[in-house]
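Have a look at target.cif; it's mmCIF, C-alpha atoms and all ligand atoms:
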data_query
loop_
_atom_site.label_atom_id
_atom_site.label_comp_id
_atom_site.auth_asym_id
_atom_site.auth_seq_id
_atom_site.Cartn_x
_atom_site.Cartn_y
_atom_site.Cartn_z
CA MET A 1 -14.03 -3.50 13.75
CA ASN A 2 -13.56 0.24 14.31
CA GLY A 3 -10.19 1.89 13.79
CA LEU A 4 -7.31 1.57 16.23
CA ASN A 5 -4.66 4.11 17.16
CA ILE A 6 -1.09 3.83 15.92
CA LYS A 7 1.85 4.93 18.03
CA ILE A 8 5.35 4.94 16.55
CA ARG A 9 8.46 5.74 18.57
CA ASP A 10 12.04 6.25 17.35
CA LEU A 11 11.54 3.92 14.42
CA VAL A 12 14.73 2.99 12.60
CA LYS A 13 15.05 0.75 9.57
CA VAL A 14 18.29 -0.16 7.88
CA HIS A 15 18.00 -2.16 4.66
CA HIS A 16 20.97 -4.34 3.71
CA THR A 17 21.75 -5.23 0.12
CA GLY A 18 24.99 -7.20 0.17
CA LYS A 19 27.45 -4.93 1.94
CA ILE A 20 25.50 -1.77 1.24
CA GLU A 21 23.38 -0.32 4.02
CA VAL A 22 20.50 2.06 3.39
CA GLN A 23 19.00 3.83 6.36
CA ALA A 24 15.38 4.10 5.22
CA LEU A 25 13.93 5.36 8.54
CA ARG A 26 15.95 7.41 11.01
CA GLY A 27 14.10 7.60 14.32
CA LEU A 28 10.61 8.40 13.15
CA ASN A 29 7.82 9.33 15.60
CA LEU A 30 4.14 9.36 14.74
CA ASP A 31 0.76 9.23 16.48
CA ILE A 32 -2.42 8.44 14.59
CA THR A 33 -5.79 8.51 16.35
CA PRO A 34 -8.45 5.80 15.90
CA GLY A 35 -10.47 6.40 12.74
CA GLU A 36 -8.08 8.98 11.31
CA LEU A 37 -7.30 9.15 7.58
CA VAL A 38 -3.67 10.17 7.18
CA SER A 39 -1.69 10.66 3.98
CA ILE A 40 2.06 10.26 3.74
CA ILE A 41 3.73 12.18 0.95
CA GLY A 42 7.40 12.69 0.09
CA PRO A 43 9.99 12.03 -2.59
CA SER A 44 10.74 8.62 -4.00
CA GLY A 45 13.06 6.68 -1.70
CA SER A 46 12.17 8.72 1.40
CA GLY A 47 10.97 5.66 3.34
CA LYS A 48 7.20 5.76 2.79
CA SER A 49 6.76 2.13 1.76
CA THR A 50 9.21 0.97 4.41
CA LEU A 51 7.12 2.73 7.06
CA LEU A 52 3.89 1.19 5.79
CA ASN A 53 5.40 -2.28 5.54
CA ILE A 54 6.61 -2.13 9.14
CA ILE A 55 3.22 -0.94 10.39
CA GLY A 56 1.67 -3.78 8.37
CA GLY A 57 4.00 -6.43 9.79
CA LEU A 58 5.50 -7.18 6.37
CA ASP A 59 8.93 -5.85 7.26
CA LYS A 60 10.87 -5.84 10.54
CA ALA A 61 12.07 -2.70 12.27
CA THR A 62 15.78 -2.36 13.09
CA ALA A 63 15.01 -0.34 16.24
CA GLY A 64 12.15 1.55 17.86
CA SER A 65 8.55 0.52 18.37
CA VAL A 66 5.24 0.42 16.56
CA GLN A 67 2.06 -0.04 18.55
CA VAL A 68 -1.31 -0.63 16.90
CA GLY A 69 -4.12 -0.60 19.45
CA GLU A 70 -2.99 -2.85 22.28
CA LYS A 71 -0.47 -4.73 20.16
CA THR A 72 3.24 -3.88 20.01
CA VAL A 73 3.84 -4.96 16.42
CA THR A 74 7.62 -4.67 16.72
CA ALA A 75 7.62 -7.25 19.55
CA LEU A 76 5.45 -9.90 17.83
CA SER A 77 6.85 -13.31 16.94
CA VAL A 78 6.68 -14.56 13.35
CA ARG A 79 3.55 -16.57 14.22
CA GLN A 80 1.88 -13.69 15.97
CA LEU A 81 2.64 -11.51 12.96
CA VAL A 82 0.73 -13.86 10.66
CA ASP A 83 -2.29 -13.49 12.92
CA TYR A 84 -1.78 -9.73 13.12
CA ARG A 85 -1.68 -9.41 9.32
CA ARG A 86 -4.88 -11.41 8.98
CA LYS A 87 -6.94 -9.69 11.62
CA ILE A 88 -5.62 -6.20 12.25
CA VAL A 89 -4.41 -4.79 8.93
CA GLY A 90 -5.65 -4.73 5.37
CA HIS A 91 -3.04 -3.83 2.75
CA ILE A 92 -3.72 -2.19 -0.61
CA PHE A 93 -0.84 -1.77 -3.03
CA GLN A 94 -0.37 0.17 -6.22
CA ASN A 95 -0.59 -3.00 -8.28
CA LEU A 96 -0.24 -6.75 -7.76
CA ASN A 97 -3.25 -6.72 -5.47
CA LEU A 98 -5.28 -9.37 -7.22
CA ILE A 99 -4.61 -12.93 -8.28
CA PRO A 100 -5.06 -12.94 -12.08
CA THR A 101 -6.57 -16.44 -12.33
CA LEU A 102 -9.34 -15.78 -9.79
CA THR A 103 -12.55 -13.84 -10.39
CA ALA A 104 -13.29 -10.62 -8.53
CA LYS A 105 -15.46 -12.44 -6.03
CA GLU A 106 -12.92 -15.23 -5.52
CA ASN A 107 -10.21 -12.67 -4.95
CA ILE A 108 -12.26 -11.14 -2.14
CA GLU A 109 -13.16 -14.52 -0.69
CA PHE A 110 -9.54 -15.67 -0.84
CA SER A 111 -8.43 -13.43 2.02
CA MET A 112 -11.08 -15.02 4.26
CA VAL A 113 -10.14 -18.63 3.48
CA ALA A 114 -6.80 -18.33 5.27
CA SER A 115 -8.53 -16.81 8.29
CA GLY A 116 -10.83 -19.81 8.55
CA VAL A 117 -14.15 -18.04 7.94
CA ALA A 118 -16.93 -20.56 7.22
CA ARG A 119 -18.01 -20.92 3.59
CA GLY A 120 -21.56 -19.62 4.01
CA LYS A 121 -20.38 -16.60 5.92
CA ARG A 122 -17.72 -15.91 3.28
CA LYS A 123 -20.25 -15.86 0.44
CA GLN A 124 -22.47 -13.47 2.33
CA ARG A 125 -19.55 -11.21 3.20
CA VAL A 126 -18.37 -11.12 -0.44
CA GLN A 127 -21.79 -9.82 -1.48
CA GLU A 128 -21.70 -7.09 1.19
CA LEU A 129 -18.21 -6.05 0.15
CA LEU A 130 -19.03 -6.00 -3.57
CA LYS A 131 -21.89 -3.70 -2.66
CA THR A 132 -19.61 -1.43 -0.62
CA VAL A 133 -17.45 -0.85 -3.70
CA SER A 134 -20.46 -0.85 -6.08
CA LEU A 135 -19.23 -3.79 -8.16
CA LEU A 136 -21.91 -6.46 -7.67
CA ASP A 137 -22.20 -6.68 -11.44
CA ARG A 138 -18.51 -7.47 -11.86
CA ALA A 139 -18.40 -10.39 -9.40
CA ASP A 140 -17.49 -13.02 -11.98
CA HIS A 141 -14.95 -11.03 -13.96
CA LYS A 142 -11.25 -11.80 -13.85
CA PRO A 143 -8.89 -8.90 -13.07
CA GLU A 144 -7.84 -8.50 -16.72
CA GLU A 145 -11.50 -8.01 -17.63
CA LEU A 146 -11.78 -5.11 -15.21
CA SER A 147 -10.53 -1.55 -15.58
CA GLY A 148 -7.63 -0.43 -13.39
CA GLY A 149 -10.03 1.52 -11.20
CA GLU A 150 -12.37 -1.46 -10.82
CA GLN A 151 -9.44 -3.72 -9.94
CA GLN A 152 -8.40 -1.33 -7.24
CA ARG A 153 -11.96 -1.22 -5.85
CA ILE A 154 -11.93 -5.03 -5.66
CA ALA A 155 -8.58 -4.73 -3.87
CA ILE A 156 -10.20 -2.41 -1.32
CA ALA A 157 -13.02 -4.92 -0.83
CA ALA A 158 -10.47 -7.72 -0.36
CA ALA A 159 -8.53 -5.64 2.16
CA LEU A 160 -11.79 -5.11 4.08
CA ALA A 161 -12.81 -8.77 4.00
CA ASN A 162 -11.62 -9.62 7.50
CA ASP A 163 -13.00 -6.39 8.91
CA ALA A 164 -9.51 -5.26 9.89
CA PRO A 165 -9.54 -2.02 11.88
CA VAL A 166 -6.54 -0.57 10.02
CA LEU A 167 -6.09 -0.13 6.27
CA LEU A 168 -2.71 0.62 4.74
CA ALA A 169 -2.65 1.83 1.15
CA ASP A 170 0.64 2.24 -0.73
CA GLU A 171 0.08 4.46 -3.78
CA PRO A 172 -3.41 3.03 -4.31
CA THR A 173 -4.03 5.42 -7.20
CA GLY A 174 -0.53 5.22 -8.66
CA GLU A 175 -1.42 3.49 -11.91
CA LEU A 176 -4.75 5.24 -12.43
CA ASP A 177 -5.85 8.27 -14.43
CA THR A 178 -7.21 11.28 -12.56
CA ALA A 179 -10.88 10.30 -12.84
CA ASN A 180 -10.32 6.78 -11.52
CA ALA A 181 -7.93 8.05 -8.84
CA ARG A 182 -10.72 10.30 -7.57
CA ILE A 183 -13.17 7.42 -7.42
CA ILE A 184 -10.73 5.28 -5.42
CA VAL A 185 -10.15 8.12 -3.00
CA GLU A 186 -13.90 8.56 -2.60
CA TYR A 187 -14.23 4.90 -1.63
CA LEU A 188 -11.37 5.14 0.85
CA VAL A 189 -12.98 8.21 2.40
CA LYS A 190 -16.29 6.35 2.56
CA VAL A 191 -14.67 3.35 4.27
CA ASN A 192 -13.00 5.72 6.71
CA ARG A 193 -16.18 7.65 7.53
CA GLU A 194 -18.79 4.93 7.42
CA LEU A 195 -16.84 2.01 8.82
CA GLY A 196 -14.55 4.10 11.05
CA LYS A 197 -11.37 2.43 9.82
CA THR A 198 -8.00 4.00 10.51
CA ILE A 199 -6.36 4.56 7.12
CA VAL A 200 -2.75 5.37 6.32
CA MET A 201 -2.25 6.14 2.65
CA VAL A 202 0.98 6.83 0.80
CA THR A 203 0.59 8.96 -2.30
CA HIS A 204 2.54 11.04 -4.80
CA ASP A 205 -0.54 12.96 -5.74
CA PRO A 206 -1.35 16.13 -3.77
CA SER A 207 -4.99 16.06 -4.88
CA VAL A 208 -5.32 12.53 -3.46
CA ALA A 209 -3.61 13.58 -0.23
CA ARG A 210 -6.06 16.44 0.21
CA ALA A 211 -8.89 14.00 0.92
CA SER A 212 -7.31 13.05 4.26
CA ASN A 213 -7.51 14.62 7.71
CA ARG A 214 -3.79 15.19 7.91
CA ILE A 215 -0.90 15.08 5.45
CA LEU A 216 2.56 14.17 6.66
CA ARG A 217 5.61 14.85 4.57
CA ILE A 218 8.45 12.41 4.99
CA GLU A 219 11.99 13.20 3.87
CA ASP A 220 15.10 11.09 4.44
CA GLY A 221 13.30 8.74 6.78
CA LEU A 222 11.81 11.38 9.07
CA ILE A 223 8.51 13.23 9.19
CA LYS A 224 9.43 16.78 8.29
CA THR A 225 6.07 18.53 8.06
CA SER A 226 2.45 18.04 9.01
CA LEU A 227 -0.04 19.82 6.77
CA THR A 228 -3.78 20.32 6.74
CA PRO A 229 -5.63 19.52 3.48
CA SER A 230 -5.92 23.19 2.53
CA GLU A 231 -2.17 23.77 2.90
CA VAL A 232 -1.05 20.91 0.74
CA ILE A 233 -1.43 22.30 -2.77
CA VAL A 234 0.44 25.50 -2.02
CA GLN A 235 3.36 23.83 -0.33
CA GLU A 236 3.75 20.68 -2.36
CA LYS A 237 5.93 21.29 -5.38
CA ALA A 238 4.33 20.01 -8.53
CA VAL A 239 6.25 17.02 -9.81
CA SER A 240 6.42 16.82 -13.59
CA TYR A 241 4.86 13.87 -15.33
CA VAL A 242 8.26 12.85 -16.70
CA ASP A 243 9.75 12.85 -13.19
CA GLN A 244 6.86 10.77 -11.89
CA LEU A 245 7.40 8.23 -14.67
CA LYS A 246 11.15 8.12 -13.99
CA ASP A 247 10.57 7.73 -10.24
CA ARG A 248 8.18 4.91 -10.82
CA ILE A 249 10.61 3.10 -13.09
CA SER A 250 13.36 3.40 -10.46
CA GLU A 251 10.99 2.04 -7.84
CA ILE A 252 10.18 -0.92 -10.03
CA TYR A 253 13.87 -1.81 -10.23
CA VAL A 254 14.04 -1.78 -6.42
CA GLN A 255 10.88 -3.89 -6.20
CA LEU A 256 12.25 -6.39 -8.72
CA ASP A 257 15.39 -6.74 -6.60
CA GLN A 258 13.19 -7.22 -3.56
CA PHE A 259 11.25 -10.03 -5.26
CA ASP A 260 14.52 -11.73 -6.19
CA GLY A 261 15.50 -11.60 -2.52
CA ASP A 262 12.07 -12.74 -1.33
CA PHE A 263 12.19 -15.68 -3.72
CA ARG A 264 15.72 -16.67 -2.77
CA SER A 265 14.92 -16.50 0.94
CA GLY A 266 11.74 -18.55 0.41
CA LYS A 267 9.37 -15.72 1.42
CA ILE A 268 7.41 -16.18 -1.82
CA ASP A 269 7.03 -19.30 -3.92
CA GLY A 270 7.97 -19.78 -7.57
CA ASP A 271 4.52 -19.12 -9.01
CA GLU A 272 4.04 -15.94 -7.07
CA TYR A 273 7.55 -14.81 -7.99
CA VAL A 274 7.04 -15.34 -11.70
CA GLN A 275 3.65 -13.64 -11.65
CA LYS A 276 4.84 -10.61 -9.73
CA ARG A 277 7.96 -10.24 -11.83
CA GLN A 278 6.06 -10.43 -15.09
CA SER A 279 3.48 -7.96 -13.94
CA LEU A 280 6.10 -5.46 -12.76
CA LYS A 281 8.20 -5.83 -15.91
CA HIS A 282 5.13 -5.22 -17.98
CA ILE A 283 4.42 -1.98 -16.11
CA ARG A 284 8.06 -0.92 -16.37
CA ASP A 285 8.09 -1.51 -20.13
CA SER A 286 4.92 0.51 -20.66
CA LEU A 287 6.32 3.35 -18.58
CA LYS A 288 9.51 3.26 -20.65
CA GLU A 289 7.49 3.31 -23.86
CA GLU A 290 5.55 6.28 -22.56
CA LEU A 291 8.82 8.11 -21.85
CA SER A 292 10.20 7.24 -25.29
CA ARG A 293 7.04 8.57 -26.91
CA MET A 294 7.67 11.82 -25.06
CA GLY A 295 11.20 11.92 -26.47
CA VAL A 296 12.89 11.15 -23.13
CA ILE A 297 15.53 8.45 -22.78
CA PRO A 298 14.29 6.09 -20.03
CA PRO A 299 16.49 5.44 -16.98
N1 LIG B 301 14.21 -4.37 0.48
C1 LIG B 301 15.07 -3.37 0.36
N2 LIG B 301 16.40 -3.62 0.27
C2 LIG B 301 17.30 -2.62 0.16
N3 LIG B 301 16.97 -1.31 0.14
C3 LIG B 301 15.67 -1.00 0.20
C4 LIG B 301 14.65 -2.00 0.31
N4 LIG B 301 13.45 -1.38 0.36
C5 LIG B 301 13.70 -0.07 0.29
N5 LIG B 301 15.02 0.18 0.20
C6 LIG B 301 15.68 1.50 0.15
O1 LIG B 301 15.22 2.23 1.26
C7 LIG B 301 14.95 3.57 0.91
C8 LIG B 301 13.49 3.87 1.18
O2 LIG B 301 12.70 3.11 0.28
P1 LIG B 301 11.11 3.12 0.28
O3 LIG B 301 10.62 2.95 1.65
O4 LIG B 301 10.67 2.13 -0.73
O5 LIG B 301 10.81 4.60 -0.22
P2 LIG B 301 9.51 5.26 -0.87
O6 LIG B 301 8.36 4.32 -0.70
O7 LIG B 301 9.34 6.56 -0.13
O8 LIG B 301 9.83 5.52 -2.30
C9 LIG B 301 15.33 3.71 -0.54
O9 LIG B 301 16.65 4.20 -0.58
C10 LIG B 301 15.27 2.30 -1.07
O10 LIG B 301 16.14 2.12 -2.14
MG MG B 302 7.12 3.38 -2.14
#
Would you encode the structure as structure tokens?
Ligand SMILES: Nc1ncnc2c1ncn2[C@@H]1O[C@H](COP(=O)(O)OP(=O)(O)O)[C@@H](O)[C@H]1O
Ligand SMILES: [Mg+2]
Amino acid sequence: MNGLNIKIRDLVKVHHTGKIEVQALRGLNLDITPGELVSIIGPSGSGKSTLLNIIGGLDKATAGSVQVGEKTVTALSVRQLVDYRRKIVGHIFQNLNLIPTLTAKENIEFSMVASGVARGKRKQRVQELLKTVSLLDRADHKPEELSGGEQQRIAIAAALANDAPVLLADEPTGELDTANARIIVEYLVKVNRELGKTIVMVTHDPSVARASNRILRIEDGLIKTSLTPSEVIVQEKAVSYVDQLKDRISEIYVQLDQFDGDFRSGKIDGDEYVQKRQSLKHIRDSLKEELSRMGVIPP
């Protein structure tokens, strides 16, 4: 399905952790046209993931509205949201995209099982998608047997499986080196141009953001600036590698807390919880090691 438009009005999100309130979004407005590729940049903690999660129906808005095509996402019931997440949006994350015990092809097929696509059709679709991301020869590999870049390409294929008109990518190149990051961006651009999908991508990396039609800078839960690709390098302050590592580690702590909450509230089951936690802790420890090697005391 071709891309849909996204219309966001006065979006507010307040996160509660115990008695502490964090206002992650403070009345944000945004219009995205069908088939547009938009990047969201901004400092850690500025509300980028919160915005994407609300558009994707993974998190609930406190106030304001989000409309995707004809659907008012912020007014959908829990059941309608399940349907919305299956049919309208594909989500790509920085990591934790793939199920480690399934092969590449099973990971892609998995997203179609829940949507009730017939077996024969699924197999055929998996082949098409593997071709789209040029990984037909990796079909039977497990995630750990694939490079980070290949894993992320499989994640793109999985996000495309149900032919959702909107793709949301949260730091899709975050764990990748520059060369692999470029390849992932090329595939996202291809999916945007050739399949006409609307794509909203969050990124720390100005060179990744430059591939999009429009770059929006979010600060303190509001969109502060809209830039064209040619303006982005000059205006975006270079973030040092050490700061990026520190930011990422802080984010992981927040994510770990989130998983604890999700597990306690029954949003994710025990297996998923353990897997996600282990994977995140592993990334955190390698980032800390990297910092130590550079002579910096990790946060
Ligand atoms: N589930 C949550 N519970 C409590 N606070 C949260 C939660 N998710 C995000 N936050 C807080 O909301 C703010 C915005 O977070 P986030 O949207 O993850 O920012 P970004 O993706 O730009 O780094 C941060 O202060 C963060 O700590
Ligand atoms: Mg984030």
(request) Report the distance between CA of Glu150 (chain A) and CA of Leu135 (chain A) in Å, rounded to one decimal place. (result) 7.7 Å
(request) For Gln94 (chain A), work out the shell of residues within 7 Å, counting all atoms listed in the file and skipping chain neighbours fewer than 5 positions away, then give it as an MDAnalysis selection string. (result) chainID A and resid 170:175
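Shortest separation to Arg210 (chain A) among A:Leu25, A:Leu291, A:Val166, A:Ile41 occurs at residue A:Ile41, atoms counted being all atoms listed in the file.
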Counting all atoms listed in the file, which residues of chain A sit at most 8 Å from some atom of ligand MG 302 (chain B), and what is each one's closest atom pair with its distance in Å to one decimal, listed by chain and rising residue number, as CSV?
residue,atom,partner,partner_atom,distance
A:Ser44,CA,B:MG302,MG,6.6
A:Gly45,CA,B:MG302,MG,6.8
A:Gly47,CA,B:MG302,MG,7.1
A:Lys48,CA,B:MG302,MG,5.5
A:Ser49,CA,B:MG302,MG,4.1
A:Thr50,CA,B:MG302,MG,7.3
A:Asp170,CA,B:MG302,MG,6.7
A:Glu171,CA,B:MG302,MG,7.3
A:Val202,CA,B:MG302,MG,7.6
A:Glu251,CA,B:MG302,MG,7.0
(message) Could you list, as a VMD selection string, all protein and nucleic acid residues with an atom at most 9 Å from ligand LIG 301 (chain B), counting all atoms listed in the file?
(response) chain A and resid 13 to 18 20 to 25 41 to 53 59 170 to 171 202 218 to 221 247 to 248 250 to 251 254 to 255 257 to 259 261 to 262
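With only C-alpha atoms as the atoms that count, the minimum distance from Ala139 (chain A) to the choices A:Arg277, A:Arg153, A:Lys7, A:Lys60 is reached by A:Arg153.
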